[in-house]
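> So I've got this file, structure_12.cif, and it contains mmCIF, C-alpha atoms:
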```cif
data_start
loop_
_atom_site.label_atom_id
_atom_site.label_comp_id
_atom_site.auth_asym_id
_atom_site.auth_seq_id
_atom_site.Cartn_x
_atom_site.Cartn_y
_atom_site.Cartn_z
CA MET I 589 136.11 -110.38 -127.29
CA ARG I 590 139.63 -110.66 -125.99
CA SER I 591 140.72 -113.30 -123.54
CA GLN I 592 142.03 -112.58 -120.09
CA GLN I 593 145.45 -113.77 -121.24
CA GLU I 594 145.47 -111.31 -124.13
CA VAL I 595 144.51 -108.43 -121.88
CA PHE I 596 147.16 -109.45 -119.38
CA GLU I 597 149.83 -109.49 -122.10
CA GLN I 598 148.73 -106.04 -123.26
CA VAL I 599 148.87 -104.65 -119.72
CA LYS I 600 152.31 -106.13 -119.25
CA LYS I 601 153.56 -104.69 -122.53
CA THR I 602 152.17 -101.28 -121.61
CA LEU I 603 153.90 -101.32 -118.23
CA VAL I 604 157.20 -102.38 -119.76
CA ASP I 605 157.00 -99.81 -122.59
CA LEU I 606 155.83 -96.90 -120.50
CA PHE I 607 157.80 -97.37 -117.32
CA GLU I 608 160.59 -99.84 -118.18
CA ILE I 609 159.30 -102.15 -115.49
CA ASP I 610 160.99 -105.53 -115.45
CA ALA I 611 158.56 -107.87 -117.28
CA ALA I 612 159.28 -110.66 -114.80
CA LYS I 613 157.79 -108.54 -112.03
CA VAL I 614 154.47 -108.17 -113.82
CA VAL I 615 152.55 -111.08 -112.34
CA PRO I 616 148.80 -111.18 -111.60
CA GLY I 617 149.21 -110.71 -107.86
CA ALA I 618 151.71 -107.83 -108.05
CA ASN I 619 150.58 -104.62 -106.38
CA LEU I 620 150.91 -101.68 -108.77
CA TYR I 621 151.97 -99.22 -106.11
CA ALA I 622 153.97 -101.30 -103.66
CA ASP I 623 155.58 -103.86 -105.99
CA LEU I 624 155.82 -102.02 -109.30
CA ASP I 625 156.43 -98.49 -107.97
CA ILE I 626 153.63 -96.89 -110.00
CA ASP I 627 152.77 -93.44 -108.67
CA SER I 628 149.64 -91.40 -109.25
CA ILE I 629 151.15 -89.59 -112.23
CA ASP I 630 152.07 -92.92 -113.80
CA ALA I 631 148.51 -94.12 -113.16
CA ILE I 632 147.22 -91.33 -115.39
CA ASP I 633 149.66 -92.22 -118.18
CA LEU I 634 148.64 -95.81 -117.79
CA ILE I 635 144.93 -95.04 -118.05
CA LEU I 636 145.50 -92.90 -121.15
CA GLU I 637 147.43 -95.72 -122.77
CA LEU I 638 144.73 -98.26 -121.93
CA LYS I 639 142.15 -95.88 -123.28
CA ALA I 640 143.93 -96.01 -126.63
CA TYR I 641 144.01 -99.80 -126.45
CA THR I 642 140.36 -100.29 -125.57
CA GLY I 643 139.09 -97.44 -127.70
CA LYS I 644 136.68 -96.63 -124.87
CA ARG I 645 136.23 -93.60 -122.76
CA ILE I 646 137.60 -94.34 -119.34
CA ASP I 647 136.15 -92.95 -116.20
CA PRO I 648 139.05 -92.75 -113.70
CA GLU I 649 136.53 -93.73 -111.02
CA GLN I 650 136.43 -97.21 -112.53
CA PHE I 651 140.09 -97.56 -111.70
CA LYS I 652 139.95 -96.21 -108.16
CA HIS I 653 139.71 -99.67 -106.63
CA VAL I 654 142.47 -101.14 -108.79
CA ARG I 655 145.39 -102.32 -106.67
CA THR I 656 146.91 -105.33 -108.40
CA ILE I 657 147.62 -106.41 -111.96
CA ASP I 658 144.69 -108.79 -111.63
CA ASP I 659 142.34 -105.92 -110.70
CA LEU I 660 143.62 -103.96 -113.67
CA VAL I 661 143.13 -106.80 -116.14
CA THR I 662 139.59 -107.33 -114.85
CA ALA I 663 138.80 -103.62 -115.14
CA VAL I 664 140.11 -103.47 -118.71
CA GLN I 665 138.18 -106.59 -119.66
CA GLN I 666 135.00 -105.10 -118.28
CA LEU I 667 135.56 -102.04 -120.44
CA LEU I 668 136.08 -104.14 -123.52
CA ASN I 669 132.93 -106.13 -122.88
CA GLU I 670 130.73 -103.13 -122.36
CA THR I 671 128.33 -102.64 -125.22
CA PRO I 672 129.19 -99.38 -126.91
CA ALA I 673 126.81 -96.57 -126.11
CA ALA I 674 124.34 -96.14 -128.93
CA MET Q 1489 180.60 -86.16 -69.14
CA ARG Q 1490 182.22 -82.88 -68.15
CA PRO Q 1491 180.02 -80.44 -66.20
CA GLY Q 1492 180.70 -77.75 -68.80
CA SER Q 1493 179.14 -79.82 -71.55
CA LEU Q 1494 176.11 -80.59 -69.37
CA LEU Q 1495 175.58 -76.88 -68.91
CA ASP Q 1496 176.05 -76.33 -72.64
CA ARG Q 1497 173.52 -79.03 -73.39
CA GLY Q 1498 171.00 -77.57 -70.95
CA TRP Q 1499 171.41 -74.19 -72.53
CA ARG Q 1500 170.84 -75.59 -75.98
CA VAL Q 1501 167.57 -77.19 -74.81
CA ILE Q 1502 166.42 -73.82 -73.46
CA GLY Q 1503 167.68 -72.00 -76.54
CA THR Q 1504 165.86 -74.44 -78.83
CA GLY Q 1505 162.66 -73.88 -76.85
CA ILE Q 1506 163.07 -70.14 -77.15
CA SER Q 1507 163.69 -70.52 -80.88
CA PHE Q 1508 160.48 -72.52 -81.37
CA ALA Q 1509 158.47 -69.99 -79.38
CA VAL Q 1510 159.96 -67.05 -81.27
CA PHE Q 1511 159.30 -68.76 -84.59
CA GLY Q 1512 155.65 -69.47 -83.77
CA LEU Q 1513 154.93 -66.05 -82.29
CA GLY Q 1514 156.94 -64.29 -84.97
CA ALA Q 1515 155.02 -66.09 -87.73
CA VAL Q 1516 151.69 -64.99 -86.27
CA LEU Q 1517 152.87 -61.44 -85.63
CA ILE Q 1518 154.34 -60.93 -89.10
CA SER Q 1519 151.29 -62.52 -90.73
CA LEU Q 1520 149.08 -59.98 -88.99
CA THR Q 1521 151.27 -56.93 -89.58
CA LEU Q 1522 154.09 -56.91 -92.13
CA PHE Q 1523 152.52 -59.17 -94.76
CA PRO Q 1524 149.12 -57.41 -94.89
CA VAL Q 1525 150.92 -54.06 -95.16
CA LEU Q 1526 153.08 -55.31 -98.02
CA ARG Q 1527 149.99 -56.65 -99.74
CA LEU Q 1528 148.12 -53.38 -99.27
CA ILE Q 1529 150.88 -51.21 -100.68
CA SER Q 1530 151.35 -53.51 -103.70
CA PRO Q 1531 148.24 -53.49 -105.89
CA ASP Q 1532 149.90 -55.75 -108.45
CA PRO Q 1533 149.81 -59.33 -107.08
CA ALA Q 1534 153.14 -60.14 -108.77
CA VAL Q 1535 154.82 -57.24 -106.98
CA ALA Q 1536 153.17 -58.25 -103.69
CA ARG Q 1537 154.44 -61.79 -104.18
CA ARG Q 1538 158.00 -60.61 -104.75
CA ARG Q 1539 157.92 -58.32 -101.74
CA ILE Q 1540 156.41 -60.91 -99.45
CA GLN Q 1541 158.90 -63.54 -100.58
CA GLY Q 1542 161.64 -60.96 -99.96
CA ALA Q 1543 160.29 -60.31 -96.47
CA MET Q 1544 160.11 -64.07 -95.88
CA ARG Q 1545 163.78 -64.31 -96.81
CA GLN Q 1546 164.83 -61.52 -94.46
CA THR Q 1547 162.88 -62.92 -91.52
CA PHE Q 1548 164.32 -66.40 -92.09
CA ARG Q 1549 167.77 -64.87 -92.33
CA LEU Q 1550 167.20 -63.10 -89.05
CA PHE Q 1551 165.87 -66.28 -87.49
CA ALA Q 1552 168.90 -68.33 -88.59
CA TRP Q 1553 171.17 -65.65 -87.15
CA PHE Q 1554 169.10 -65.67 -83.94
CA MET Q 1555 169.47 -69.43 -83.48
CA ALA Q 1556 173.20 -69.26 -84.15
CA THR Q 1557 173.58 -66.33 -81.74
CA LEU Q 1558 171.77 -68.27 -79.03
CA GLY Q 1559 174.35 -71.00 -79.59
CA VAL Q 1560 171.77 -73.60 -80.56
CA MET Q 1561 173.43 -74.30 -83.88
CA SER Q 1562 175.88 -72.88 -86.39
CA TYR Q 1563 175.84 -72.86 -90.17
CA GLU Q 1564 177.72 -71.91 -93.28
CA PHE Q 1565 176.85 -71.58 -96.96
CA ARG Q 1566 178.88 -72.71 -99.96
CA GLY Q 1567 178.31 -71.87 -103.62
CA ARG Q 1568 175.41 -69.53 -102.93
CA GLU Q 1569 176.25 -67.52 -106.08
CA ARG Q 1570 174.85 -70.51 -108.02
CA LEU Q 1571 171.37 -69.51 -106.85
CA ALA Q 1572 171.48 -66.18 -108.70
CA ALA Q 1573 169.73 -67.28 -111.91
CA PRO Q 1574 165.95 -67.69 -111.57
CA GLY Q 1575 163.64 -70.16 -113.32
CA ARG Q 1576 165.32 -73.27 -112.03
CA LEU Q 1577 164.17 -76.09 -109.81
CA ILE Q 1578 166.07 -76.11 -106.51
CA VAL Q 1579 166.18 -79.52 -104.85
CA ALA Q 1580 167.70 -80.41 -101.50
CA ASN Q 1581 167.98 -83.30 -99.13
CA HIS Q 1582 166.00 -82.73 -95.96
CA PRO Q 1583 167.77 -83.79 -92.76
CA SER Q 1584 166.28 -81.24 -90.36
CA LEU Q 1585 163.44 -78.95 -89.43
CA ILE Q 1586 165.34 -75.78 -90.32
CA ASP Q 1587 166.52 -76.70 -93.83
CA VAL Q 1588 163.82 -74.60 -95.40
CA VAL Q 1589 164.77 -71.63 -93.20
CA LEU Q 1590 168.40 -71.83 -94.31
CA ILE Q 1591 167.59 -72.24 -98.01
CA ILE Q 1592 164.98 -69.50 -98.18
CA SER Q 1593 167.36 -67.16 -96.35
CA LEU Q 1594 169.62 -67.46 -99.41
CA MET Q 1595 167.07 -66.74 -102.10
CA PRO Q 1596 165.67 -63.30 -102.95
CA SER Q 1597 162.59 -64.97 -104.32
CA VAL Q 1598 161.52 -68.60 -104.39
CA ASP Q 1599 158.21 -70.44 -104.65
CA CYS Q 1600 157.55 -73.31 -102.27
CA ILE Q 1601 155.06 -76.12 -102.00
CA VAL Q 1602 153.07 -75.75 -98.80
CA LYS Q 1603 150.65 -78.10 -97.09
CA ARG Q 1604 147.15 -77.56 -98.39
CA GLY Q 1605 145.92 -77.38 -94.78
CA LEU Q 1606 147.58 -73.96 -94.34
CA TRP Q 1607 145.05 -72.46 -96.75
CA ARG Q 1608 142.56 -73.00 -93.90
CA ASN Q 1609 144.86 -71.77 -91.12
CA PRO Q 1610 143.45 -68.49 -89.72
CA PHE Q 1611 146.84 -66.78 -89.50
CA LEU Q 1612 148.68 -68.17 -92.50
CA ARG Q 1613 145.97 -68.60 -95.13
CA TRP Q 1614 146.46 -65.13 -96.59
CA PRO Q 1615 150.26 -64.92 -96.36
CA VAL Q 1616 150.74 -68.24 -98.19
CA ARG Q 1617 148.37 -67.03 -100.90
CA TRP Q 1618 150.04 -63.63 -101.23
CA ALA Q 1619 153.47 -65.22 -101.33
CA GLY Q 1620 152.29 -67.28 -104.30
CA TYR Q 1621 153.14 -70.55 -102.57
CA ILE Q 1622 151.75 -73.65 -104.17
CA PRO Q 1623 149.31 -75.90 -102.26
CA ASN Q 1624 149.77 -79.66 -102.59
CA HIS Q 1625 146.50 -80.43 -104.37
CA THR Q 1626 146.21 -83.62 -106.39
CA PRO Q 1627 149.58 -84.76 -107.78
CA GLU Q 1628 148.62 -83.86 -111.38
CA GLN Q 1629 147.53 -80.38 -110.36
CA LEU Q 1630 150.65 -79.91 -108.25
CA ILE Q 1631 152.99 -80.81 -111.10
CA GLU Q 1632 151.08 -78.51 -113.44
CA ASP Q 1633 151.19 -75.59 -110.96
CA CYS Q 1634 154.89 -76.11 -110.24
CA SER Q 1635 156.01 -76.40 -113.83
CA GLN Q 1636 153.94 -73.33 -114.68
CA ALA Q 1637 155.76 -71.31 -111.99
CA LEU Q 1638 159.11 -72.42 -113.43
CA ARG Q 1639 158.11 -71.68 -117.01
CA ALA Q 1640 157.07 -68.20 -115.84
CA GLY Q 1641 160.70 -67.73 -114.79
CA ARG Q 1642 160.31 -68.18 -111.05
CA SER Q 1643 162.46 -70.46 -108.90
CA LEU Q 1644 160.90 -73.32 -107.01
CA LEU Q 1645 162.18 -75.28 -104.02
CA VAL Q 1646 161.28 -78.96 -103.71
CA PHE Q 1647 162.51 -81.63 -101.32
CA PRO Q 1648 162.46 -84.83 -103.40
CA GLU Q 1649 162.15 -86.91 -100.23
CA GLY Q 1650 158.74 -85.34 -99.61
CA THR Q 1651 159.47 -85.24 -95.88
CA ARG Q 1652 162.48 -85.17 -93.60
CA THR Q 1653 165.08 -87.93 -93.94
CA VAL Q 1654 164.67 -90.86 -91.58
CA PRO Q 1655 168.07 -90.96 -89.82
CA GLY Q 1656 170.06 -94.11 -90.45
CA GLN Q 1657 167.88 -95.18 -93.38
CA PRO Q 1658 168.90 -95.06 -97.05
CA LEU Q 1659 167.61 -91.99 -98.85
CA GLN Q 1660 164.29 -92.39 -100.64
CA PHE Q 1661 163.17 -89.96 -103.33
CA ARG Q 1662 159.70 -89.59 -104.73
CA ARG Q 1663 159.43 -88.83 -108.42
CA GLY Q 1664 157.56 -85.53 -108.17
CA ALA Q 1665 160.66 -83.32 -108.35
CA ALA Q 1666 161.87 -85.02 -111.53
CA GLN Q 1667 158.41 -84.88 -113.06
CA ILE Q 1668 158.24 -81.15 -112.38
CA ALA Q 1669 161.71 -80.47 -113.84
CA LEU Q 1670 160.91 -82.44 -116.98
CA ALA Q 1671 157.49 -80.83 -117.41
CA ALA Q 1672 159.13 -77.39 -117.10
CA ARG Q 1673 162.24 -78.42 -119.10
CA CYS Q 1674 164.46 -76.54 -116.67
CA GLU Q 1675 167.78 -77.09 -114.96
CA VAL Q 1676 167.93 -78.59 -111.49
CA VAL Q 1677 170.15 -76.99 -108.86
CA PRO Q 1678 171.03 -79.51 -106.14
CA ILE Q 1679 171.66 -78.31 -102.62
CA THR Q 1680 173.35 -80.68 -100.22
CA ILE Q 1681 172.64 -80.12 -96.53
CA THR Q 1682 174.77 -81.80 -93.91
CA GLN Q 1683 174.91 -81.54 -90.14
CA THR Q 1684 177.84 -82.61 -88.01
CA LEU Q 1685 175.41 -84.21 -85.52
CA PRO Q 1686 171.80 -85.21 -86.15
CA THR Q 1687 169.66 -82.39 -84.73
CA LEU Q 1688 165.99 -81.47 -85.26
CA THR Q 1689 165.63 -84.65 -87.32
CA LYS Q 1690 162.51 -86.61 -88.06
CA GLY Q 1691 161.13 -88.56 -85.13
CA GLU Q 1692 163.10 -86.61 -82.54
CA LYS Q 1693 161.56 -84.25 -80.01
CA TRP Q 1694 162.86 -80.70 -80.13
CA TYR Q 1695 164.44 -80.98 -76.68
CA GLN Q 1696 166.47 -84.06 -77.63
CA VAL Q 1697 169.57 -82.05 -78.47
CA ALA Q 1698 172.81 -83.65 -79.64
CA HIS Q 1699 175.71 -83.95 -77.20
CA GLN Q 1700 177.44 -81.09 -78.98
CA ARG Q 1701 176.31 -78.14 -81.00
CA SER Q 1702 175.64 -79.21 -84.56
CA HIS Q 1703 177.06 -77.34 -87.54
CA TRP Q 1704 175.03 -77.14 -90.75
CA VAL Q 1705 176.71 -76.85 -94.15
CA VAL Q 1706 174.39 -75.80 -96.97
CA SER Q 1707 176.23 -76.40 -100.21
CA VAL Q 1708 174.78 -75.24 -103.52
CA ASP Q 1709 176.21 -77.54 -106.19
CA GLU Q 1710 176.59 -77.44 -109.98
CA PRO Q 1711 173.25 -77.38 -111.84
CA ILE Q 1712 172.12 -80.60 -113.52
CA ARG Q 1713 170.89 -80.40 -117.12
CA THR Q 1714 167.67 -82.23 -117.81
CA GLU Q 1715 167.78 -82.48 -121.64
CA PRO Q 1716 169.28 -86.00 -121.53
CA PHE Q 1717 166.22 -87.16 -119.58
CA LEU Q 1718 163.69 -85.69 -121.99
CA GLN Q 1719 164.05 -88.41 -124.61
CA GLY Q 1720 161.53 -91.23 -124.62
CA PRO Q 1721 158.37 -91.54 -122.53
CA PRO Q 1722 158.12 -88.95 -119.72
CA ALA Q 1723 157.53 -91.62 -117.10
CA VAL Q 1724 160.85 -93.26 -118.01
CA GLY Q 1725 162.64 -89.89 -118.00
CA ALA Q 1726 161.26 -89.13 -114.55
CA ARG Q 1727 162.45 -92.49 -113.26
CA ARG Q 1728 165.94 -91.98 -114.68
CA LEU Q 1729 166.27 -88.43 -113.41
CA THR Q 1730 165.05 -89.49 -109.96
CA GLN Q 1731 167.60 -92.30 -109.91
CA HIS Q 1732 170.29 -89.88 -111.08
CA LEU Q 1733 169.47 -87.48 -108.23
CA LEU Q 1734 169.32 -90.30 -105.72
CA ASP Q 1735 172.75 -91.60 -106.80
CA TYR Q 1736 174.11 -88.06 -106.69
CA TYR Q 1737 172.92 -87.40 -103.15
CA THR Q 1738 173.84 -90.84 -101.90
CA ALA Q 1739 177.40 -90.26 -103.13
CA ARG Q 1740 177.55 -86.69 -101.77
CA LEU Q 1741 176.21 -87.62 -98.36
CA GLY Q 1742 178.13 -90.88 -98.22
CA SER Q 1743 181.44 -89.09 -98.77
CA HIS Q 1744 180.43 -86.53 -96.15
CA ALA Q 1745 179.65 -89.22 -93.59
CA ALA Q 1746 183.04 -90.79 -94.27
CA ALA Q 1747 184.78 -87.42 -93.83
CA VAL Q 1748 183.27 -86.67 -90.41
#
```
What's the structure tokens form of this structure?

Amino acid sequence: MRSQQEVFEQVKKTLVDLFEIDAAKVVPGANLYADLDIDSIDAIDLILELKAYTGKRIDPEQFKHVRTIDDLVTAVQQLLNETPAA
Amino acid sequence: MRPGSLLDRGWRVIGTGISFAVFGLGAVLISLTLFPVLRLISPDPAVARRRIQGAMRQTFRLFAWFMATLGVMSYEFRGRERLAAPGRLIVANHPSLIDVVLIISLMPSVDCIVKRGLWRNPFLRWPVRWAGYIPNHTPEQLIEDCSQALRAGRSLLVFPEGTRTVPGQPLQFRRGAAQIALAARCEVVPITITQTLPTLTKGEKWYQVAHQRSHWVVSVDEPIRTEPFLQGPPAVGARRLTQHLLDYYTARLGSHAAAV
């Protein structure tokens, strides 16, 4: 199981690599849309990238409520902690 | 204020009202007559699309002439020969309500993005479909539909601002236009629209006419190549191309503002 800090670092790295977002702006309370200028097309890229990281199928519905970095880290952690479907 | 200019202003209010009425009635009339006829005589949907887009152009051309003849506005075009080649993304800044009329009047055939709601409008639902216009579904679907139209060799008009410019505010571009151009790997033809006085702008009522007649200049500029933006992750390319366009327009419009 990966710690919250690890997941946060991964999310940050993904945002910096994919979108060249300034790493200093990626803080837990930052709003993805308002503060980091992520649009809906970016959100899809982001989910695909996180899918590769978690190795899980991602239902976009699970990310509907995600607004901040904190929400995103929590959502990814939940995915990682899910027991794989038998 | 001189009495002459008061009279002129009053006339422009009336003329603008007439223009709006003619536009609305004309749209309904043509949608019920000319467009269905063109569709009926063109069994091939691609032919129907070209004819309807051609008819759209001619009616917009007539309408622009009508407004200018009424004395409501005046306009000129520069570099229109740059619109001859198809299969390119046409982008423009969006200061006024009639930008789309002026641009379409220049283009024999161009696809547009139209509000999804029109597909439920009793008068316009069929014409927008026959013209092959693209509804703004989900962003992913929209970008797919738009890039497909471009790859098929059609031209597409997009306003990167997504809506009319807010007067007095710095320009703001959304990234959709850049995403479409990169997905289609096509050139971008920038059109710069300027008015001598803000007229028919966002947040203004139609009867709030400027103190003098406004003159529109629609300038078709040199195409922008998109290859340099195709390296690296697409999201980064879209950000860079959007910034490039924003800088381009800010410089173009800034120098215009200084010249007036």
> With 9 Å as the cut-off and all atoms listed in the file counted, what is the closest atom pair between each nearby residue of chain Q and chain I? Distances in Å to one decimal, ordered by chain and number, as a Markdown table.

```
| residue | atom | partner | partner_atom | distance |
| --- | --- | --- | --- | --- |
| Q:Thr1626 | CA | I:Ser628 | CA | 9.0 |
| Q:Pro1627 | CA | I:Ile629 | CA | 6.8 |
| Q:Glu1628 | CA | I:Ile629 | CA | 6.3 |
| Q:Arg1662 | CA | I:Asp627 | CA | 8.9 |
| Q:Arg1663 | CA | I:Asp627 | CA | 8.1 |
| Q:Gly1664 | CA | I:Ile629 | CA | 8.6 |
| Q:Gln1667 | CA | I:Ile629 | CA | 8.7 |
| Q:Pro1721 | CA | I:Leu606 | CA | 6.3 |
| Q:Pro1722 | CA | I:Leu606 | CA | 8.3 |
| Q:Ala1723 | CA | I:Phe607 | CA | 5.8 |
| Q:Val1724 | CA | I:Phe607 | CA | 5.2 |
| Q:Gly1725 | CA | I:Phe607 | CA | 8.9 |
| Q:Arg1727 | CA | I:Phe607 | CA | 7.9 |
```
> Applying 12 Å and all atoms listed in the file, which residues near Gln593 of chain I remain after dropping the ones on its own chain fewer than 4 positions away? List them as a list in words.
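Here the qualifying residues turn out to be Met589, Glu597, Gln598, Val599, Lys600, Val615, Pro616, Asp658, Val661, Thr662, Val664 and Gln665 of chain I.
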> Tell me which protein, DNA and RNA residues are within 10 Å of Phe651 of chain I, counting all atoms listed in the file, leaving out same-chain ones fewer than 2 positions away, and put them as a list in words.
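Non-adjacent residues within range: Ala631, Ile635, Ile646, Asp647, Pro648, Glu649, His653, Val654, Arg655, Asp659, Leu660, Ala663 and Val664 of chain I.
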> Might you spell out which residues the PyMOL selection byres ((chain Q and resi 1618) around 10) would select in the displayed file, as a list in words?
Phe1523, Pro1524, Leu1526, Arg1527, Pro1533, Ala1534, Val1535, Ala1536, Arg1537, Arg1538, Arg1539, Ile1540, Gln1541, Leu1612, Arg1613, Trp1614, Pro1615, Val1616, Arg1617, Ala1619, Gly1620 and Tyr1621 of chain Q
> For Leu1685 of chain Q, please output as a PyMOL selection string all residues within 10 Å (counting all atoms listed in the file; exclusion window: fewer than 6 positions along the same chain).
chain Q and resi 1697-1704+1748
> Store the residues picked out above, limited to C-alpha atoms, as a short mmCIF file (atom, residue, chain, number, x, y, z; two decimals), in the frame of the given file.

```cif
data_model
loop_
_atom_site.label_atom_id
_atom_site.label_comp_id
_atom_site.auth_asym_id
_atom_site.auth_seq_id
_atom_site.Cartn_x
_atom_site.Cartn_y
_atom_site.Cartn_z
CA VAL Q 1697 169.57 -82.05 -78.47
CA ALA Q 1698 172.81 -83.65 -79.64
CA HIS Q 1699 175.71 -83.95 -77.20
CA GLN Q 1700 177.44 -81.09 -78.98
CA ARG Q 1701 176.31 -78.14 -81.00
CA SER Q 1702 175.64 -79.21 -84.56
CA HIS Q 1703 177.06 -77.34 -87.54
CA TRP Q 1704 175.03 -77.14 -90.75
CA VAL Q 1748 183.27 -86.67 -90.41
#
```
> With the file shown as input, list the residues that the PyMOL selection byres ((chain Q and resi 1574-1584) around 8) selects, as an MDAnalysis selection string.
chainID Q and resid 1571:1573 1585:1587 1638:1649 1651:1655 1665 1669 1674:1683 1686:1690 1737
> Would you please work out which residue, of Q:Ala1672, Q:Pro1711, Q:Pro1658, Q:Glu1692, is nearest to Leu1741 of chain Q when using all atoms listed in the file?
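Nearest to Leu1741 of chain Q: Q:Pro1658.
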> Do you have the atom CA of Ser1507 of chain Q-atom CA of Val1589 of chain Q distance handy?
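Distance reported for this atom pair: 12.4 Å.
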> Between atom CA of Ile1502 of chain Q and atom CA of Tyr1695 of chain Q, what is the distance in Å, rounded to a tenth?
8.1 Å
> Would you pick out the contacts of Val614 of chain I at 10 Å or less, using only C-alpha atoms, so that residues sharing its chain but fewer than 3 positions from it are not included, and give the list as a list in words?
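Within the cut-off, the hits are Phe596, Glu597, Val599, Lys600, Lys601, Leu603, Val604, Ile609, Asp610, Ala611, Gly617, Ala618, Asn619, Leu620, Asp623, Leu624, Thr656 and Ile657 of chain I.
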> Write out as number ranges by chain the residues lying within 9 Å of Gly1542 of chain Q, counting all atoms listed in the file and excluding same-chain residues fewer than 4 positions away.
Q: 1537-1538, 1546-1547, 1595-1598
> For atom CA of Thr1714 of chain Q and atom CA of Asp1735 of chain Q, determine how far apart the two atoms are, in Å to one decimal place.
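Going from atom CA of Thr1714 of chain Q over to atom CA of Asp1735 of chain Q covers 15.3 Å.
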